[in-house]
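Chemist: What follows is my_file-v2.cif; its format and atoms are mmCIF, N, CA and C atoms.
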```cif
data_structure
loop_
_atom_site.label_atom_id
_atom_site.label_comp_id
_atom_site.auth_asym_id
_atom_site.auth_seq_id
_atom_site.Cartn_x
_atom_site.Cartn_y
_atom_site.Cartn_z
N MET A 1 -47.48 20.18 -41.12
CA MET A 1 -48.27 19.75 -42.24
C MET A 1 -49.44 18.92 -41.71
N ALA A 2 -50.64 19.21 -42.18
CA ALA A 2 -51.84 18.51 -41.72
C ALA A 2 -51.87 17.10 -42.28
N GLU A 3 -52.36 16.19 -41.46
CA GLU A 3 -52.49 14.81 -41.89
C GLU A 3 -53.66 14.67 -42.84
N THR A 4 -53.46 13.97 -43.95
CA THR A 4 -54.52 13.73 -44.92
C THR A 4 -55.23 12.46 -44.54
N ARG A 5 -56.55 12.52 -44.46
CA ARG A 5 -57.36 11.35 -44.14
C ARG A 5 -58.15 10.94 -45.36
N TYR A 6 -58.20 9.67 -45.66
CA TYR A 6 -58.92 9.16 -46.81
C TYR A 6 -60.06 8.27 -46.35
N PRO A 7 -61.18 8.26 -47.07
CA PRO A 7 -62.22 7.30 -46.74
C PRO A 7 -61.66 5.88 -46.83
N LEU A 8 -62.20 4.99 -46.02
CA LEU A 8 -61.67 3.63 -45.95
C LEU A 8 -61.57 2.97 -47.31
N TRP A 9 -62.61 3.04 -48.11
CA TRP A 9 -62.58 2.33 -49.39
C TRP A 9 -61.51 2.88 -50.31
N GLU A 10 -61.24 4.19 -50.29
CA GLU A 10 -60.17 4.75 -51.13
C GLU A 10 -58.81 4.30 -50.65
N SER A 11 -58.63 4.22 -49.34
CA SER A 11 -57.32 3.84 -48.83
C SER A 11 -57.00 2.38 -49.07
N LEU A 12 -58.02 1.56 -49.38
CA LEU A 12 -57.78 0.14 -49.56
C LEU A 12 -57.82 -0.31 -51.01
N VAL A 13 -58.25 0.53 -51.92
CA VAL A 13 -58.30 0.15 -53.33
C VAL A 13 -56.89 -0.20 -53.77
N GLY A 14 -56.75 -1.33 -54.41
CA GLY A 14 -55.43 -1.75 -54.85
C GLY A 14 -54.57 -2.29 -53.74
N PHE A 15 -55.18 -2.71 -52.63
CA PHE A 15 -54.43 -3.25 -51.51
C PHE A 15 -53.52 -4.36 -51.98
N SER A 16 -52.25 -4.27 -51.64
CA SER A 16 -51.25 -5.18 -52.17
C SER A 16 -50.94 -6.36 -51.27
N GLY A 17 -51.58 -6.42 -50.11
CA GLY A 17 -51.26 -7.49 -49.18
C GLY A 17 -50.35 -7.04 -48.07
N GLU A 18 -49.83 -5.82 -48.16
CA GLU A 18 -49.00 -5.29 -47.09
C GLU A 18 -49.88 -4.76 -45.98
N PRO A 19 -49.52 -4.95 -44.72
CA PRO A 19 -50.33 -4.43 -43.62
C PRO A 19 -50.45 -2.91 -43.71
N MET A 20 -51.62 -2.41 -43.36
CA MET A 20 -51.84 -0.97 -43.35
C MET A 20 -51.51 -0.45 -41.97
N ASN A 21 -51.07 0.79 -41.89
CA ASN A 21 -50.92 1.39 -40.58
C ASN A 21 -52.15 2.24 -40.30
N GLU A 22 -52.31 2.67 -39.07
CA GLU A 22 -53.52 3.39 -38.67
C GLU A 22 -53.69 4.71 -39.43
N ASN A 23 -52.63 5.29 -39.95
CA ASN A 23 -52.74 6.54 -40.70
C ASN A 23 -53.40 6.34 -42.06
N GLN A 24 -53.49 5.11 -42.53
CA GLN A 24 -54.10 4.84 -43.82
C GLN A 24 -55.59 4.58 -43.70
N ARG A 25 -56.12 4.49 -42.51
CA ARG A 25 -57.53 4.20 -42.29
C ARG A 25 -58.25 5.44 -41.81
N SER A 26 -59.53 5.54 -42.16
CA SER A 26 -60.34 6.60 -41.58
C SER A 26 -61.30 5.96 -40.61
N GLY A 27 -61.68 6.66 -39.62
CA GLY A 27 -62.60 6.12 -38.62
C GLY A 27 -61.85 5.33 -37.56
N ILE A 28 -62.45 5.26 -36.42
CA ILE A 28 -61.87 4.53 -35.30
C ILE A 28 -62.32 3.08 -35.37
N ARG A 29 -61.39 2.17 -35.27
CA ARG A 29 -61.68 0.74 -35.28
C ARG A 29 -61.95 0.30 -33.85
N ILE A 30 -63.07 -0.37 -33.66
CA ILE A 30 -63.43 -0.88 -32.34
C ILE A 30 -63.25 -2.39 -32.36
N PRO A 31 -62.27 -2.90 -31.63
CA PRO A 31 -62.08 -4.35 -31.61
C PRO A 31 -63.22 -4.99 -30.84
N VAL A 32 -63.99 -5.82 -31.51
CA VAL A 32 -65.12 -6.48 -30.88
C VAL A 32 -65.38 -7.80 -31.59
N GLU A 33 -65.58 -8.85 -30.81
CA GLU A 33 -65.83 -10.17 -31.37
C GLU A 33 -67.30 -10.50 -31.17
N LEU A 34 -68.06 -10.47 -32.28
CA LEU A 34 -69.49 -10.76 -32.26
C LEU A 34 -69.80 -11.78 -33.34
N PRO A 35 -70.78 -12.64 -33.11
CA PRO A 35 -71.16 -13.60 -34.15
C PRO A 35 -71.66 -12.87 -35.39
N ALA A 36 -71.31 -13.39 -36.54
CA ALA A 36 -71.68 -12.74 -37.80
C ALA A 36 -71.84 -13.78 -38.91
N VAL A 37 -72.57 -13.39 -39.94
CA VAL A 37 -72.78 -14.23 -41.12
C VAL A 37 -72.58 -13.33 -42.34
N VAL A 38 -71.95 -13.87 -43.36
CA VAL A 38 -71.78 -13.11 -44.61
C VAL A 38 -72.35 -13.94 -45.76
N HIS A 39 -73.07 -13.26 -46.66
CA HIS A 39 -73.69 -13.88 -47.84
C HIS A 39 -73.15 -13.18 -49.08
N TRP A 40 -72.93 -13.92 -50.15
CA TRP A 40 -72.54 -13.34 -51.43
C TRP A 40 -72.87 -14.33 -52.54
N LYS A 41 -72.81 -13.86 -53.77
CA LYS A 41 -73.02 -14.73 -54.94
C LYS A 41 -71.65 -15.06 -55.51
N SER A 42 -71.45 -16.35 -55.81
CA SER A 42 -70.19 -16.77 -56.42
C SER A 42 -70.16 -16.31 -57.87
N ARG A 43 -69.02 -16.46 -58.50
CA ARG A 43 -68.89 -16.07 -59.92
C ARG A 43 -69.85 -16.87 -60.80
N ARG A 44 -70.23 -18.05 -60.35
CA ARG A 44 -71.18 -18.88 -61.11
C ARG A 44 -72.63 -18.60 -60.73
N GLY A 45 -72.85 -17.64 -59.84
CA GLY A 45 -74.20 -17.26 -59.46
C GLY A 45 -74.80 -18.02 -58.30
N HIS A 46 -74.02 -18.88 -57.65
CA HIS A 46 -74.51 -19.62 -56.49
C HIS A 46 -74.42 -18.75 -55.25
N THR A 47 -75.43 -18.81 -54.40
CA THR A 47 -75.40 -18.07 -53.15
C THR A 47 -74.50 -18.79 -52.16
N ARG A 48 -73.57 -18.06 -51.59
CA ARG A 48 -72.65 -18.61 -50.60
C ARG A 48 -72.95 -17.97 -49.26
N CYS A 49 -72.74 -18.70 -48.20
CA CYS A 49 -72.99 -18.20 -46.85
C CYS A 49 -71.97 -18.83 -45.92
N VAL A 50 -71.38 -18.01 -45.05
CA VAL A 50 -70.41 -18.53 -44.11
C VAL A 50 -70.56 -17.77 -42.79
N GLU A 51 -70.38 -18.50 -41.69
CA GLU A 51 -70.44 -17.91 -40.36
C GLU A 51 -69.04 -17.57 -39.90
N GLY A 52 -68.96 -16.54 -39.07
CA GLY A 52 -67.68 -16.14 -38.51
C GLY A 52 -67.90 -15.21 -37.34
N LYS A 53 -66.88 -14.41 -37.06
CA LYS A 53 -66.95 -13.43 -35.98
C LYS A 53 -66.30 -12.14 -36.46
N THR A 54 -66.80 -11.04 -35.94
CA THR A 54 -66.16 -9.77 -36.27
C THR A 54 -64.82 -9.70 -35.54
N GLY A 55 -63.89 -9.01 -36.15
CA GLY A 55 -62.60 -8.72 -35.51
C GLY A 55 -62.58 -7.29 -35.04
N ASN A 56 -63.12 -6.40 -35.89
CA ASN A 56 -63.28 -5.00 -35.51
C ASN A 56 -64.34 -4.37 -36.41
N ILE A 57 -64.90 -3.26 -35.93
CA ILE A 57 -65.94 -2.55 -36.66
C ILE A 57 -65.65 -1.06 -36.56
N SER A 58 -65.90 -0.35 -37.66
CA SER A 58 -65.86 1.11 -37.65
C SER A 58 -67.11 1.61 -38.36
N GLY A 59 -67.25 2.90 -38.47
CA GLY A 59 -68.39 3.45 -39.19
C GLY A 59 -68.32 3.21 -40.68
N ASN A 60 -67.14 2.88 -41.20
CA ASN A 60 -66.94 2.69 -42.63
C ASN A 60 -66.86 1.25 -43.07
N GLY A 61 -66.55 0.35 -42.15
CA GLY A 61 -66.34 -1.02 -42.55
C GLY A 61 -66.12 -1.93 -41.37
N LEU A 62 -65.79 -3.17 -41.68
CA LEU A 62 -65.51 -4.13 -40.63
C LEU A 62 -64.55 -5.19 -41.13
N PHE A 63 -63.95 -5.87 -40.18
CA PHE A 63 -63.12 -7.03 -40.49
C PHE A 63 -63.81 -8.23 -39.88
N MET A 64 -63.99 -9.28 -40.68
CA MET A 64 -64.63 -10.50 -40.20
C MET A 64 -63.66 -11.66 -40.29
N ASN A 65 -63.57 -12.41 -39.22
CA ASN A 65 -62.80 -13.65 -39.23
C ASN A 65 -63.70 -14.73 -39.80
N ILE A 66 -63.40 -15.16 -41.02
CA ILE A 66 -64.18 -16.20 -41.70
C ILE A 66 -63.21 -17.16 -42.38
N PRO A 67 -63.64 -18.40 -42.62
CA PRO A 67 -62.72 -19.40 -43.15
C PRO A 67 -62.51 -19.37 -44.67
N VAL A 68 -63.24 -18.52 -45.39
CA VAL A 68 -63.10 -18.45 -46.85
C VAL A 68 -62.81 -17.02 -47.27
N ARG A 69 -62.42 -16.86 -48.53
CA ARG A 69 -62.08 -15.54 -49.06
C ARG A 69 -62.95 -15.20 -50.26
N PRO A 70 -64.05 -14.50 -50.06
CA PRO A 70 -64.80 -14.04 -51.23
C PRO A 70 -63.90 -13.13 -52.07
N PRO A 71 -64.03 -13.16 -53.38
CA PRO A 71 -63.17 -12.32 -54.22
C PRO A 71 -63.30 -10.83 -53.88
N ARG A 72 -62.20 -10.11 -54.02
CA ARG A 72 -62.24 -8.65 -53.81
C ARG A 72 -63.27 -8.04 -54.74
N LYS A 73 -63.88 -6.97 -54.29
CA LYS A 73 -64.92 -6.22 -55.00
C LYS A 73 -66.26 -6.94 -55.04
N THR A 74 -66.35 -8.12 -54.44
CA THR A 74 -67.61 -8.84 -54.40
C THR A 74 -68.59 -8.12 -53.47
N SER A 75 -69.83 -7.97 -53.91
CA SER A 75 -70.87 -7.42 -53.05
C SER A 75 -71.25 -8.46 -52.01
N VAL A 76 -71.35 -8.02 -50.75
CA VAL A 76 -71.67 -8.93 -49.66
C VAL A 76 -72.77 -8.34 -48.79
N THR A 77 -73.52 -9.22 -48.18
CA THR A 77 -74.48 -8.84 -47.14
C THR A 77 -73.98 -9.47 -45.85
N MET A 78 -73.82 -8.64 -44.83
CA MET A 78 -73.27 -9.11 -43.56
C MET A 78 -74.30 -8.88 -42.46
N ARG A 79 -74.45 -9.88 -41.61
CA ARG A 79 -75.33 -9.77 -40.45
C ARG A 79 -74.47 -9.95 -39.21
N VAL A 80 -74.50 -8.94 -38.34
CA VAL A 80 -73.76 -8.98 -37.09
C VAL A 80 -74.79 -9.00 -35.96
N PHE A 81 -74.62 -9.92 -35.04
CA PHE A 81 -75.60 -10.11 -33.97
C PHE A 81 -75.13 -9.45 -32.69
N LEU A 82 -75.87 -8.45 -32.25
CA LEU A 82 -75.55 -7.72 -31.03
C LEU A 82 -76.38 -8.30 -29.89
N PRO A 83 -75.75 -8.81 -28.84
CA PRO A 83 -76.48 -9.48 -27.77
C PRO A 83 -77.25 -8.49 -26.89
N ALA A 84 -78.27 -9.01 -26.23
CA ALA A 84 -79.11 -8.19 -25.35
C ALA A 84 -78.30 -7.53 -24.24
N ILE A 85 -77.20 -8.14 -23.83
CA ILE A 85 -76.38 -7.54 -22.78
C ILE A 85 -75.80 -6.20 -23.23
N MET A 86 -75.65 -6.01 -24.54
CA MET A 86 -75.13 -4.75 -25.07
C MET A 86 -76.25 -3.77 -25.43
N THR A 87 -77.40 -4.29 -25.83
CA THR A 87 -78.42 -3.43 -26.43
C THR A 87 -79.79 -3.51 -25.75
N ARG A 88 -79.91 -4.23 -24.64
CA ARG A 88 -81.15 -4.48 -23.89
C ARG A 88 -82.06 -5.51 -24.56
N VAL A 89 -82.09 -5.55 -25.87
CA VAL A 89 -82.80 -6.59 -26.62
C VAL A 89 -81.87 -7.05 -27.73
N PRO A 90 -81.98 -8.30 -28.18
CA PRO A 90 -81.10 -8.75 -29.27
C PRO A 90 -81.36 -7.95 -30.55
N ILE A 91 -80.31 -7.41 -31.11
CA ILE A 91 -80.38 -6.58 -32.32
C ILE A 91 -79.47 -7.19 -33.38
N GLU A 92 -79.88 -7.05 -34.62
CA GLU A 92 -79.09 -7.50 -35.76
C GLU A 92 -78.67 -6.27 -36.55
N LEU A 93 -77.38 -6.15 -36.83
CA LEU A 93 -76.87 -5.11 -37.72
C LEU A 93 -76.78 -5.74 -39.10
N LEU A 94 -77.59 -5.26 -40.02
CA LEU A 94 -77.60 -5.78 -41.39
C LEU A 94 -76.86 -4.78 -42.27
N CYS A 95 -75.80 -5.21 -42.94
CA CYS A 95 -74.96 -4.32 -43.75
C CYS A 95 -74.83 -4.85 -45.17
N ASN A 96 -74.81 -3.94 -46.11
CA ASN A 96 -74.43 -4.26 -47.49
C ASN A 96 -73.13 -3.54 -47.76
N GLY A 97 -72.21 -4.23 -48.41
CA GLY A 97 -70.91 -3.64 -48.69
C GLY A 97 -70.17 -4.42 -49.75
N ARG A 98 -68.85 -4.22 -49.76
CA ARG A 98 -67.98 -4.88 -50.74
C ARG A 98 -66.72 -5.36 -50.05
N VAL A 99 -66.22 -6.50 -50.51
CA VAL A 99 -64.94 -7.01 -50.01
C VAL A 99 -63.85 -6.10 -50.55
N ILE A 100 -63.00 -5.62 -49.66
CA ILE A 100 -61.91 -4.74 -50.10
C ILE A 100 -60.52 -5.29 -49.81
N ARG A 101 -60.44 -6.25 -48.91
CA ARG A 101 -59.14 -6.86 -48.66
C ARG A 101 -59.30 -8.17 -47.94
N TRP A 102 -58.22 -8.95 -47.98
CA TRP A 102 -58.14 -10.18 -47.23
C TRP A 102 -57.15 -9.99 -46.11
N SER A 103 -57.14 -10.91 -45.20
CA SER A 103 -56.22 -10.82 -44.07
C SER A 103 -54.77 -10.93 -44.52
N CYS A 104 -53.92 -10.34 -43.71
CA CYS A 104 -52.47 -10.42 -43.90
C CYS A 104 -51.97 -11.62 -43.10
N PRO A 105 -50.76 -12.07 -43.37
CA PRO A 105 -50.24 -13.21 -42.61
C PRO A 105 -50.25 -12.99 -41.09
N SER A 106 -50.13 -11.75 -40.62
CA SER A 106 -50.10 -11.49 -39.18
C SER A 106 -51.49 -11.42 -38.56
N GLU A 107 -52.55 -11.50 -39.37
CA GLU A 107 -53.92 -11.40 -38.88
C GLU A 107 -54.60 -12.77 -38.92
N ALA A 108 -55.70 -12.87 -38.18
CA ALA A 108 -56.54 -14.06 -38.30
C ALA A 108 -57.12 -14.10 -39.71
N ARG A 109 -57.40 -15.28 -40.22
CA ARG A 109 -57.94 -15.42 -41.58
C ARG A 109 -59.29 -14.73 -41.67
N GLY A 110 -59.45 -13.89 -42.66
CA GLY A 110 -60.72 -13.19 -42.82
C GLY A 110 -60.68 -12.17 -43.93
N MET A 111 -61.67 -11.27 -43.89
CA MET A 111 -61.80 -10.26 -44.95
C MET A 111 -62.18 -8.92 -44.35
N GLY A 112 -61.76 -7.87 -45.01
CA GLY A 112 -62.19 -6.52 -44.70
C GLY A 112 -63.24 -6.12 -45.72
N ALA A 113 -64.28 -5.47 -45.27
CA ALA A 113 -65.36 -5.05 -46.17
C ALA A 113 -65.84 -3.66 -45.82
N THR A 114 -66.29 -2.94 -46.82
CA THR A 114 -66.91 -1.64 -46.57
C THR A 114 -68.30 -1.87 -46.03
N ILE A 115 -68.84 -0.85 -45.40
CA ILE A 115 -70.25 -0.81 -45.05
C ILE A 115 -70.83 0.34 -45.87
N ASP A 116 -71.55 0.00 -46.94
CA ASP A 116 -72.15 1.01 -47.81
C ASP A 116 -73.54 1.40 -47.33
N GLU A 117 -74.27 0.44 -46.81
CA GLU A 117 -75.62 0.67 -46.28
C GLU A 117 -75.77 -0.22 -45.05
N TYR A 118 -76.54 0.25 -44.08
CA TYR A 118 -76.79 -0.59 -42.90
C TYR A 118 -78.12 -0.23 -42.27
N GLU A 119 -78.62 -1.16 -41.50
CA GLU A 119 -79.81 -0.93 -40.69
C GLU A 119 -79.75 -1.81 -39.47
N PHE A 120 -80.31 -1.33 -38.37
CA PHE A 120 -80.47 -2.13 -37.17
C PHE A 120 -81.90 -2.64 -37.17
N ARG A 121 -82.07 -3.92 -36.77
CA ARG A 121 -83.41 -4.47 -36.69
C ARG A 121 -83.42 -5.55 -35.62
N PRO A 122 -84.60 -5.92 -35.15
CA PRO A 122 -84.66 -6.98 -34.13
C PRO A 122 -84.03 -8.26 -34.70
N ALA A 123 -83.28 -8.94 -33.86
CA ALA A 123 -82.62 -10.17 -34.30
C ALA A 123 -83.66 -11.25 -34.55
N ARG A 124 -83.43 -12.01 -35.61
CA ARG A 124 -84.30 -13.15 -35.91
C ARG A 124 -83.95 -14.31 -35.00
N ALA A 125 -84.93 -15.07 -34.65
CA ALA A 125 -84.69 -16.22 -33.76
C ALA A 125 -83.99 -17.34 -34.49
#
```
Turn the structure described in the file into structure tokens.
Modeler:
Amino acid sequence: MAETRYPLWESLVGFSGEPMNENQRSGIRIPVELPAVVHWKSRRGHTRCVEGKTGNISGNGLFMNIPVRPPRKTSVTMRVFLPAIMTRVPIELLCNGRVIRWSCPSEARGMGATIDEYEFRPARA
């Protein structure tokens, strides 16, 4: 029987807090720790911003180690900073997506988010 693969956002909708196994994810997760910043609007309309580090990245989404938990389904803008040692010049990965899950007890505190749109651009000083 062929294995069924689901897009990341479909496999995480309704996430109950139970750890997922690799068969529930689409795309290859690359464990990489890079500086990152996430921005979102609170329920009261205030802009929130927090710094953290990536835990892993795939073509569909990423996990960020951050000290707060934006609500699920919240639209977020994420900036991941790629150092010159990796890219020859400092590059910023700018992503728009949505929070789809929070960390499980066995993971570092953070959030999983989709990557709906992205662009690479020169890093700001």
Chemist: For atom CA of Phe81 of chain A and atom CA of Gly59 of chain A, determine how far apart the two atoms are, in Å to one decimal place.
Modeler: 16.2 Å
Chemist: So what do you get for atom CA of Tyr118 of chain A versus atom CA of Arg44 of chain A, distance-wise?
Modeler: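 Atom-to-atom, atom CA of Tyr118 of chain A and atom CA of Arg44 of chain A are spaced 26.4 Å apart.
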Chemist: What's the separation between atom CA of Val32 of chain A and atom CA of Thr47 of chain A, in Å to one decimal place?
Modeler: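 Going from atom CA of Val32 of chain A over to atom CA of Thr47 of chain A, I get 27.1 Å.
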Chemist: Would you translate the PyMOL selection byres ((chain A and resi 65-68) around 6.5) into the concrete set of residues it matches in this file, as an mmCIF file with N, CA and C atoms, in the frame of the given file?
Modeler:
```
data_model
loop_
_atom_site.group_PDB
_atom_site.id
_atom_site.type_symbol
_atom_site.label_atom_id
_atom_site.label_comp_id
_atom_site.auth_asym_id
_atom_site.auth_seq_id
_atom_site.Cartn_x
_atom_site.Cartn_y
_atom_site.Cartn_z
ATOM 1 N N GLU A 51 -70.380 -18.500 -41.690
ATOM 2 C CA GLU A 51 -70.440 -17.910 -40.360
ATOM 3 C C GLU A 51 -69.040 -17.570 -39.900
ATOM 4 N N GLY A 52 -68.960 -16.540 -39.070
ATOM 5 C CA GLY A 52 -67.680 -16.140 -38.510
ATOM 6 C C GLY A 52 -67.900 -15.210 -37.340
ATOM 7 N N LYS A 53 -66.880 -14.410 -37.060
ATOM 8 C CA LYS A 53 -66.950 -13.430 -35.980
ATOM 9 C C LYS A 53 -66.300 -12.140 -36.460
ATOM 10 N N THR A 54 -66.800 -11.040 -35.940
ATOM 11 C CA THR A 54 -66.160 -9.770 -36.270
ATOM 12 C C THR A 54 -64.820 -9.700 -35.540
ATOM 13 N N GLY A 55 -63.890 -9.010 -36.150
ATOM 14 C CA GLY A 55 -62.600 -8.720 -35.510
ATOM 15 C C GLY A 55 -62.580 -7.290 -35.040
ATOM 16 N N PHE A 63 -63.950 -5.870 -40.180
ATOM 17 C CA PHE A 63 -63.120 -7.030 -40.490
ATOM 18 C C PHE A 63 -63.810 -8.230 -39.880
ATOM 19 N N MET A 64 -63.990 -9.280 -40.680
ATOM 20 C CA MET A 64 -64.630 -10.500 -40.200
ATOM 21 C C MET A 64 -63.660 -11.660 -40.290
ATOM 22 N N ARG A 69 -62.420 -16.860 -48.530
ATOM 23 C CA ARG A 69 -62.080 -15.540 -49.060
ATOM 24 C C ARG A 69 -62.950 -15.200 -50.260
ATOM 25 N N PRO A 70 -64.050 -14.500 -50.060
ATOM 26 C CA PRO A 70 -64.800 -14.040 -51.230
ATOM 27 C C PRO A 70 -63.900 -13.130 -52.070
ATOM 28 N N ALA A 108 -55.700 -12.870 -38.180
ATOM 29 C CA ALA A 108 -56.540 -14.060 -38.300
ATOM 30 C C ALA A 108 -57.120 -14.100 -39.710
ATOM 31 N N ARG A 109 -57.400 -15.280 -40.220
ATOM 32 C CA ARG A 109 -57.940 -15.420 -41.580
ATOM 33 C C ARG A 109 -59.290 -14.730 -41.670
ATOM 34 N N GLY A 110 -59.450 -13.890 -42.660
ATOM 35 C CA GLY A 110 -60.720 -13.190 -42.820
ATOM 36 C C GLY A 110 -60.680 -12.170 -43.930
ATOM 37 N N MET A 111 -61.670 -11.270 -43.890
ATOM 38 C CA MET A 111 -61.800 -10.260 -44.950
ATOM 39 C C MET A 111 -62.180 -8.920 -44.350
#
```
Chemist: Mind checking which residues fall within 7 Å of Ser58 of chain A, counting only N, CA and C atoms, ignoring those fewer than 5 positions away in the same chain, and posting them as a list of chain:residue names?
Modeler: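 Once the nearby chain positions are removed, what remains is A:Gly27, A:Ile28, A:Arg29, A:Ile30, A:Phe63.
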Chemist: For a quick check of understanding, using all atoms listed in the file, which of A:Pro105, A:Val99, A:Cys49, A:Pro90 has the smallest distance to Arg121 of chain A?
Modeler: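 Closest to Arg121 of chain A, using all atoms listed in the file: A:Pro90.
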Chemist: List the neighbours of Leu94 of chain A out to 7 Å using all atoms listed in the file; skip same-chain residues closer than 2 positions along the sequence, and give me the result as a list in words.
Modeler: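 In the requested form, the answer reads Thr77, Met78, Arg79, Val80, Glu92, Asn96, Glu117, Tyr118, Glu119, Phe120 and Arg121 of chain A.
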Chemist: Spell out the residues picked by the PyMOL selection byres (((chain A and resi 61 and name CA) around 9) and name CA) here, as a list of chain:residue names.
Modeler: A:Leu8, A:Trp9, A:Gly27, A:Arg29, A:Asn56, A:Ile57, A:Ser58, A:Gly59, A:Asn60, A:Leu62, A:Phe63, A:Gly97, A:Gly112, A:Ala113, A:Thr114, A:Ile115, A:Asp116
Chemist: Could you write out the selected residues, including N, CA and C atoms, as a PDB file, in the frame of the given file?
Modeler:
```pdb
ATOM      1  N   LEU A   8     -62.200   4.990 -46.020  1.00  0.00           N
ATOM      2  CA  LEU A   8     -61.670   3.630 -45.950  1.00  0.00           C
ATOM      3  C   LEU A   8     -61.570   2.970 -47.310  1.00  0.00           C
ATOM      4  N   TRP A   9     -62.610   3.040 -48.110  1.00  0.00           N
ATOM      5  CA  TRP A   9     -62.580   2.330 -49.390  1.00  0.00           C
ATOM      6  C   TRP A   9     -61.510   2.880 -50.310  1.00  0.00           C
ATOM      7  N   GLY A  27     -61.680   6.660 -39.620  1.00  0.00           N
ATOM      8  CA  GLY A  27     -62.600   6.120 -38.620  1.00  0.00           C
ATOM      9  C   GLY A  27     -61.850   5.330 -37.560  1.00  0.00           C
ATOM     10  N   ARG A  29     -61.390   2.170 -35.270  1.00  0.00           N
ATOM     11  CA  ARG A  29     -61.680   0.740 -35.280  1.00  0.00           C
ATOM     12  C   ARG A  29     -61.950   0.300 -33.850  1.00  0.00           C
ATOM     13  N   ASN A  56     -63.120  -6.400 -35.890  1.00  0.00           N
ATOM     14  CA  ASN A  56     -63.280  -5.000 -35.510  1.00  0.00           C
ATOM     15  C   ASN A  56     -64.340  -4.370 -36.410  1.00  0.00           C
ATOM     16  N   ILE A  57     -64.900  -3.260 -35.930  1.00  0.00           N
ATOM     17  CA  ILE A  57     -65.940  -2.550 -36.660  1.00  0.00           C
ATOM     18  C   ILE A  57     -65.650  -1.060 -36.560  1.00  0.00           C
ATOM     19  N   SER A  58     -65.900  -0.350 -37.660  1.00  0.00           N
ATOM     20  CA  SER A  58     -65.860   1.110 -37.650  1.00  0.00           C
ATOM     21  C   SER A  58     -67.110   1.610 -38.360  1.00  0.00           C
ATOM     22  N   GLY A  59     -67.250   2.900 -38.470  1.00  0.00           N
ATOM     23  CA  GLY A  59     -68.390   3.450 -39.190  1.00  0.00           C
ATOM     24  C   GLY A  59     -68.320   3.210 -40.680  1.00  0.00           C
ATOM     25  N   ASN A  60     -67.140   2.880 -41.200  1.00  0.00           N
ATOM     26  CA  ASN A  60     -66.940   2.690 -42.630  1.00  0.00           C
ATOM     27  C   ASN A  60     -66.860   1.250 -43.070  1.00  0.00           C
ATOM     28  N   LEU A  62     -65.790  -3.170 -41.680  1.00  0.00           N
ATOM     29  CA  LEU A  62     -65.510  -4.130 -40.630  1.00  0.00           C
ATOM     30  C   LEU A  62     -64.550  -5.190 -41.130  1.00  0.00           C
ATOM     31  N   PHE A  63     -63.950  -5.870 -40.180  1.00  0.00           N
ATOM     32  CA  PHE A  63     -63.120  -7.030 -40.490  1.00  0.00           C
ATOM     33  C   PHE A  63     -63.810  -8.230 -39.880  1.00  0.00           C
ATOM     34  N   GLY A  97     -72.210  -4.230 -48.410  1.00  0.00           N
ATOM     35  CA  GLY A  97     -70.910  -3.640 -48.690  1.00  0.00           C
ATOM     36  C   GLY A  97     -70.170  -4.420 -49.750  1.00  0.00           C
ATOM     37  N   GLY A 112     -61.760  -7.870 -45.010  1.00  0.00           N
ATOM     38  CA  GLY A 112     -62.190  -6.520 -44.700  1.00  0.00           C
ATOM     39  C   GLY A 112     -63.240  -6.120 -45.720  1.00  0.00           C
ATOM     40  N   ALA A 113     -64.280  -5.470 -45.270  1.00  0.00           N
ATOM     41  CA  ALA A 113     -65.360  -5.050 -46.170  1.00  0.00           C
ATOM     42  C   ALA A 113     -65.840  -3.660 -45.820  1.00  0.00           C
ATOM     43  N   THR A 114     -66.290  -2.940 -46.820  1.00  0.00           N
ATOM     44  CA  THR A 114     -66.910  -1.640 -46.570  1.00  0.00           C
ATOM     45  C   THR A 114     -68.300  -1.870 -46.030  1.00  0.00           C
ATOM     46  N   ILE A 115     -68.840  -0.850 -45.400  1.00  0.00           N
ATOM     47  CA  ILE A 115     -70.250  -0.810 -45.050  1.00  0.00           C
ATOM     48  C   ILE A 115     -70.830   0.340 -45.870  1.00  0.00           C
ATOM     49  N   ASP A 116     -71.550   0.000 -46.940  1.00  0.00           N
ATOM     50  CA  ASP A 116     -72.150   1.010 -47.810  1.00  0.00           C
ATOM     51  C   ASP A 116     -73.540   1.400 -47.330  1.00  0.00           C
TER      52      ASP A 116
END
```
